Amino acid sequence: MRKLLILGGTGFVGRVLVSRWMATPAVSAEVVLIPTRRRVRGHGQAMLPTVQVVEADVHDPRQLDDLVQGADAVVNLVAILHGSAAQFERTHVALPQQVAAACQRACVRRLVHVSALGVPDGDPASAPSHYLRSKARGEQVLRAAPDLDLTVLRPSVIFGAEDRFIRLFARLQALVPVMALAGAQARFQPVWVEDVAQALVHCLQDRATVGQTIECAGPEVLTLADLVRMAGRWSGHVRPVLPLPSWAGRLQAAALGLLPGEPLMSCDNLDSMRVPNVATGRHPDLTALGITPGAISAVMSSVLGTGFTPEDRRRTRAGRD
């Protein structure tokens with residue numbers, strides 16, 4: 001493979017994917033191209049000379065055409081968790097449509113697209129949130145695109161050394177005496193970022209995955225309350241969890257949505273959590289790719305309290321293997 005284009009390559013999953021891709025002995029890509037809206041120090045991955053980080057707006061069709069030109073494969077990791085209906089539509093539907101069109105113009109066939117667990121296989125309108133409906137429509141437009149060798153990955157909530165989800169709940173419990181929690185009984189099947197990255201590498205190398213939808217989930221099904229309690233134990237600040245009734249949870253989410261910056265939770269998040277974020281069994285899972293997924297209880301207890309250094313991550317992976 002001469003050129004791999006990774007959209008969203010500077011994000012949480014993208015950084016791990018790049019490191020794992022370049023560490024894979026069978027990989028022979030001459031260039032891994034990563035577009036970013038604004039290049040900052042650290043995005044260049046200076047230790048990896050074949051990684052090129054370029055400033056570009058992937059929502060601009062002309063710039064996207066330039067990025068896709070000459071690629072052997074494209075990975076789309078671009079996603080948002082919060083926003084308006086229009087923002088979800090732009091990111092999860094319009095962008096995949098533009099990516100498919102750019103691939104068609106450049107005669108690039110191979111695309112690996114990351115979606116989400118909870119996305120319906122049928123009518124997107126059946127999903128309860130803007131997030132899930134837009135993710136479903138994004139999958140639809142890609143499957144309808146001609147001449148595209150598509151693989152879709154649907155991960156549950158992704159955890160790891162640099163994830164915001166678990167660490168934020170850990171930090172919050174150092175500040176408050178009680179964790180009042182909306183959506184406390186929502187169910188998740190957390191998946192390690194290293195396992196998602198390994199799945200992406202596998203799909204890029206194995207054409208047998210073309211046409212498949214792969215559910216990326218860990219071995220444990222946990223409620224949001226379970227995850228918050230775990231974060232408290234790992235951080236040394238165990239706090240009682242107070243599940244909120246639906247009406248109070250929506251008030252809390254609405255209030256959090258008014259705060260500056262990215263909210264901890266929104267009403268749309270609550271709507272998404274009405275669908276269990278767990279594997280359905282209707283599609284292949286990580287074990288079908290030869291991956292034994294790491295359990296969050298084993299992985300995060302090893303790294304949370306030590307600063308999430310790369311060495312911690314390496315030791316955890318070595319211990320699991």
# chains A, B, ... in the order shown; residues from 1 in each chain; ligands from 1
>>> residues_around(residues="A:Arg90", least_positions_apart="2", cutoff="12 Å", atoms="only C-alpha atoms", output="MDAnalysis selection string")
chainID A and resid 58:60 78:80 83:88 92:98 130:131 134:135 137:138
>>> closest_atom_pairs(of="stretch 152-253 of chain A", to="stretch 111-115 of chain A", cutoff="6 Å", atoms="only C-alpha atoms", output="tab-separated table")
residue	atom	partner	partner_atom	distance
A:Val152	CA	A:His113	CA	4.9
A:Leu153	CA	A:Val114	CA	4.8
A:Arg154	CA	A:Ser115	CA	4.9
>>> atom_distance(atom1="atom CA of A:Gln205", atom2="atom CA of A:Leu33")
17.4 Å
>>> select_by_dssp(residues="stretch 60-299 of chain A", states="alpha helix (DSSP H)", output="ChimeraX atom specification")
/A:61-68,85-89,95-106,130-144,164-172,193-205,224-235,246-257,267-272,296-299
>>> residues_around(residues="A:Leu244", least_positions_apart="6", cutoff="8 Å", atoms="only C-alpha atoms", output="VMD selection string")
chain A and resid 180 to 184
>>> closest_atom_pairs(of="stretch 111-171 of chain A", to="stretch 188-195 of chain A", cutoff="7 Å", atoms="only C-alpha atoms", output="tab-separated table")
residue	atom	partner	partner_atom	distance
A:Pro155	CA	A:Val191	CA	7.0
A:Ser156	CA	A:Pro190	CA	5.6
A:Val157	CA	A:Pro190	CA	5.0
A:Ile158	CA	A:Val191	CA	5.0
A:Phe159	CA	A:Trp192	CA	5.1
A:Gly160	CA	A:Val193	CA	5.5
